[in-house]
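I have placed the structure first, in the form of structure tokens, so that the comments after it can refer back to it.
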Amino acid sequence: MAEQGEAGQGSAPTALMDSVSSVAEETQQEVATIIDFPWGEAFTPLTARLITQQRPTRLIIIAGGVKSGKSTLLGTIYEKFYSGLFADYRFAGSKTLLEFERICHDSRIASNRTNPETERTKYTSDFRLLHLEVQNTNTNKKHDILFTDITGEIFDDIRDSSDECQRHPILLRCDHFALCLDGEKLSNALTRGKEISDGVMIIRRLLDMEILGKHSFVDILFTKLDIVAAAEREDGALKTYIEDIKVSKFQKLFSSRVSKLSISDIAARPDALNNSELNLGYGIDALLNRWVECYPSSRIKKIEEVKVYPRIRAIDKFTLTHDDVRI
């Protein structure tokens, strides 16, 4: 009986090992059939090296306060390619498709919302980067673009603190710095003053910290043009007021301090309730073309010049590129 007991006890581990071996073999077969899809989430400045170290890449910093239209702008650029060609480009790929889809979801019927919305960017202390590859339909040349998708609170901190500017060395790398001014706030007499002064302070802070300068391409984007147009129909002086702001608060103050200053009116997702005749993505086609085709020639810098900024190491080798030239 003792021998049988010992034999019985000895057979259990053997059976267990056979079972484990069988499960492991089935698991290996399942793993072998798995298709490796791109992760699809937003990049960080460090993980973006997967793009920047392979080929020349445009970096577009999209700045602005909370709900100024930054994420809606990004979502509209992505959605315009659903219809085919956009701004003389065709869609050539993206490593952050999941993030683009997340931004666009609340604007679609599948979200069960009565009005299209854009999911607000969640607060994070780091810069999130979305990737888009486009191909010029005239030259067939492909271009990689990285857009920032950052909560407005970060730019509130940058506006108020020099230390906060230094915490984000990726700002030194941008090819275009685009500041979104909320057209809805500009249309309201109670909120327009702060919206303008906040925008002016962001640009001034970055210039004083020498993050922006003679090498920089800066875009001032007056967003939500459909809301502005509706307000102008009620207030005849509003149009003159906004045009004066463009000249007195931005062109006169900053055009001589940067390489190129551009001012644009855009309506990423016009609301039909505003009786607007503007199409989806109004003004964004010219904007995208400018971001892809125009860039500061001084983006090529020697390694010694980059070392002037000691905090640049925080993003390691976030490669500075210029067309087919790389350092």
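Ordered as shown in the structure tokens, chains take letters A, B, and onward, while each chain numbers its residues from 1 and ligands are numbered from 1 in the order shown.
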For A:Ile62, please output as a ChimeraX atom specification all residues within 9 Å (counting only C-alpha atoms; exclusion window: fewer than 2 positions along the same chain). /A:60,64,70-71,147-150,176-180
Same residues, C-alpha atoms, saved as a PDB file, in the first residue's frame:
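See selection-v4.pdb below for the written result:
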```pdb
ATOM      1  CA  ILE A  60       4.439  71.951 -34.573  1.00  0.00           C
ATOM      2  CA  GLY A  64      -3.311  78.202 -26.178  1.00  0.00           C
ATOM      3  CA  LYS A  70      -6.185  73.047 -29.954  1.00  0.00           C
ATOM      4  CA  SER A  71      -7.439  69.450 -29.945  1.00  0.00           C
ATOM      5  CA  PHE A 147       1.910  67.928 -33.354  1.00  0.00           C
ATOM      6  CA  THR A 148       1.746  68.657 -29.654  1.00  0.00           C
ATOM      7  CA  ASP A 149      -1.532  67.948 -27.853  1.00  0.00           C
ATOM      8  CA  ILE A 150      -1.157  69.683 -24.515  1.00  0.00           C
ATOM      9  CA  HIS A 176       6.279  76.343 -36.001  1.00  0.00           C
ATOM     10  CA  PHE A 177       4.798  77.767 -32.824  1.00  0.00           C
ATOM     11  CA  ALA A 178       1.031  78.172 -33.244  1.00  0.00           C
ATOM     12  CA  LEU A 179      -0.916  80.128 -30.628  1.00  0.00           C
ATOM     13  CA  CYS A 180      -4.687  79.574 -30.568  1.00  0.00           C
TER      14      CYS A 180
END
```
Expected answer as a list in words: strand (DSSP E or B) residues in stretch 122-221 of chain A: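 Assigned to strand (DSSP E or B), within stretch 122-221 of chain A: Leu129, Leu130, His131, Leu132, Glu133, Val134, Gln135, Asn136, Lys142, His143, Asp144, Ile145, Leu146, Phe147, Thr148, His176, Phe177, Ala178, Leu179, Cys180, Leu181, Phe217, Val218, Asp219, Ile220 and Leu221 of chain A.
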Take the residues from that selection and put them in a file with C-alpha atoms, as a short mmCIF file (atom, residue, chain, number, x, y, z; two decimals), in the first residue's frame.
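Result file again_21.cif:
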```
data_model
loop_
_atom_site.label_atom_id
_atom_site.label_comp_id
_atom_site.auth_asym_id
_atom_site.auth_seq_id
_atom_site.Cartn_x
_atom_site.Cartn_y
_atom_site.Cartn_z
CA LEU A 129 2.98 64.30 -29.48
CA LEU A 130 0.76 63.08 -32.32
CA HIS A 131 2.30 61.81 -35.54
CA LEU A 132 1.04 62.29 -39.07
CA GLU A 133 2.73 61.41 -42.37
CA VAL A 134 1.49 63.12 -45.53
CA GLN A 135 2.49 62.91 -49.17
CA ASN A 136 2.56 65.92 -51.48
CA LYS A 142 6.48 62.39 -47.96
CA HIS A 143 6.66 64.51 -44.83
CA ASP A 144 6.51 63.50 -41.17
CA ILE A 145 4.84 65.90 -38.75
CA LEU A 146 4.64 65.82 -34.97
CA PHE A 147 1.91 67.93 -33.35
CA THR A 148 1.75 68.66 -29.65
CA HIS A 176 6.28 76.34 -36.00
CA PHE A 177 4.80 77.77 -32.82
CA ALA A 178 1.03 78.17 -33.24
CA LEU A 179 -0.92 80.13 -30.63
CA CYS A 180 -4.69 79.57 -30.57
CA LEU A 181 -6.83 82.50 -29.40
CA PHE A 217 8.02 80.80 -37.34
CA VAL A 218 5.00 81.89 -35.29
CA ASP A 219 1.31 81.49 -36.21
CA ILE A 220 -1.41 83.41 -34.38
CA LEU A 221 -4.67 81.51 -34.91
#
```
To one decimal in Å, tell me the separation between atom CA of A:Arg159 and atom CA of A:Ser256.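 Between these atoms lies a distance of 20.6 Å.
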If we count only C-alpha atoms and set the cut-off at 12 Å, which residues sit around A:Ser197, ignoring sequence neighbours fewer than 6 positions away in its own chain? Please answer as a list in words.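 With the cut-off at 12 Å, the set is Gly64, Gly65, Asp156, Arg159, Asp160, Leu181, Leu186, Thr191, Ile203, Arg204, Arg205, Ile245, Lys249 and Phe250 of chain A.
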Atomic separation - atom CA of A:Cys165 relative to atom CA of A:Thr52, Å: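 Going from atom CA of A:Thr52 over to atom CA of A:Cys165 covers 22.4 Å.
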Residues at most 9 Å from stretch 214-216 of chain A, counting only C-alpha atoms, excluding those fewer than 3 positions away in the same chain, as a PyMOL selection string? chain A and resi 174-177+211+256-261+295-299
Any chance you can output those residues with C-alpha atoms as a PDB file, in the first residue's frame?
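After the write, part-v1.pdb holds the following:
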```pdb
ATOM      1  CA  CYS A 174       9.748  73.596 -32.785  1.00  0.00           C
ATOM      2  CA  ASP A 175       9.561  74.453 -36.478  1.00  0.00           C
ATOM      3  CA  HIS A 176       6.279  76.343 -36.001  1.00  0.00           C
ATOM      4  CA  PHE A 177       4.798  77.767 -32.824  1.00  0.00           C
ATOM      5  CA  ILE A 211      13.035  80.040 -26.681  1.00  0.00           C
ATOM      6  CA  SER A 256      10.287  92.190 -35.879  1.00  0.00           C
ATOM      7  CA  ARG A 257      11.332  89.715 -33.158  1.00  0.00           C
ATOM      8  CA  VAL A 258      10.661  86.484 -35.066  1.00  0.00           C
ATOM      9  CA  SER A 259      11.594  85.118 -38.480  1.00  0.00           C
ATOM     10  CA  LYS A 260       7.994  85.028 -39.725  1.00  0.00           C
ATOM     11  CA  LEU A 261       4.706  85.958 -38.058  1.00  0.00           C
ATOM     12  CA  TYR A 295      10.299  76.121 -41.969  1.00  0.00           C
ATOM     13  CA  PRO A 296      13.114  78.114 -40.379  1.00  0.00           C
ATOM     14  CA  SER A 297      16.354  77.674 -42.297  1.00  0.00           C
ATOM     15  CA  SER A 298      18.232  78.101 -39.023  1.00  0.00           C
ATOM     16  CA  ARG A 299      16.785  74.876 -37.628  1.00  0.00           C
TER      17      ARG A 299
END
```
Which of A:Ile51, A:Leu273, A:Leu171, A:Val66 sits closest to A:Leu212 [using only C-alpha atoms]: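 Counting only C-alpha atoms, the residue closest to A:Leu212 is A:Leu171.
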Within 9 Å of stretch 277-286 of chain A using only C-alpha atoms, minus same-chain residues under 4 positions, as a count of residues only: 20
Check the DSSP output for the backbone and give back, as an NGL selection string, the residues of stretch 64-178 of chain A in alpha helix (DSSP H). :A and (70-80 or 97-104 or 152-160 or 162-166)
Please determine, counting only C-alpha atoms, which residue among A:Lys141, A:Arg90, A:Lys67, A:His168 has the shortest atom-to-atom distance to A:Thr223. A:Lys67
Nearest to A:Ala230, chosen from A:Phe155, A:Gly183, A:Leu206, A:Phe43, with only C-alpha atoms counted in the distances: A:Gly183
Interatomic distance (Å, one decimal) between atom CA of A:Leu97 and atom CA of A:Thr72: 15.3 Å
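Taking only C-alpha atoms into account, A:Tyr241 lies nearest to A:Gly193 out of the set A:Gly69, A:Gly193, A:Gly213, A:Gly75.
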Distance criterion (only C-alpha atoms): nearest to A:Asp198 out of A:Ser255, A:Thr47, A:Ile158, A:Asp235: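 Closest to A:Asp198 of all the choices is A:Ile158.
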Using only C-alpha atoms, the residue out of A:Glu184, A:Glu153, A:Asp126, A:Asp208 with shortest distance to A:Pro169 is A:Asp126
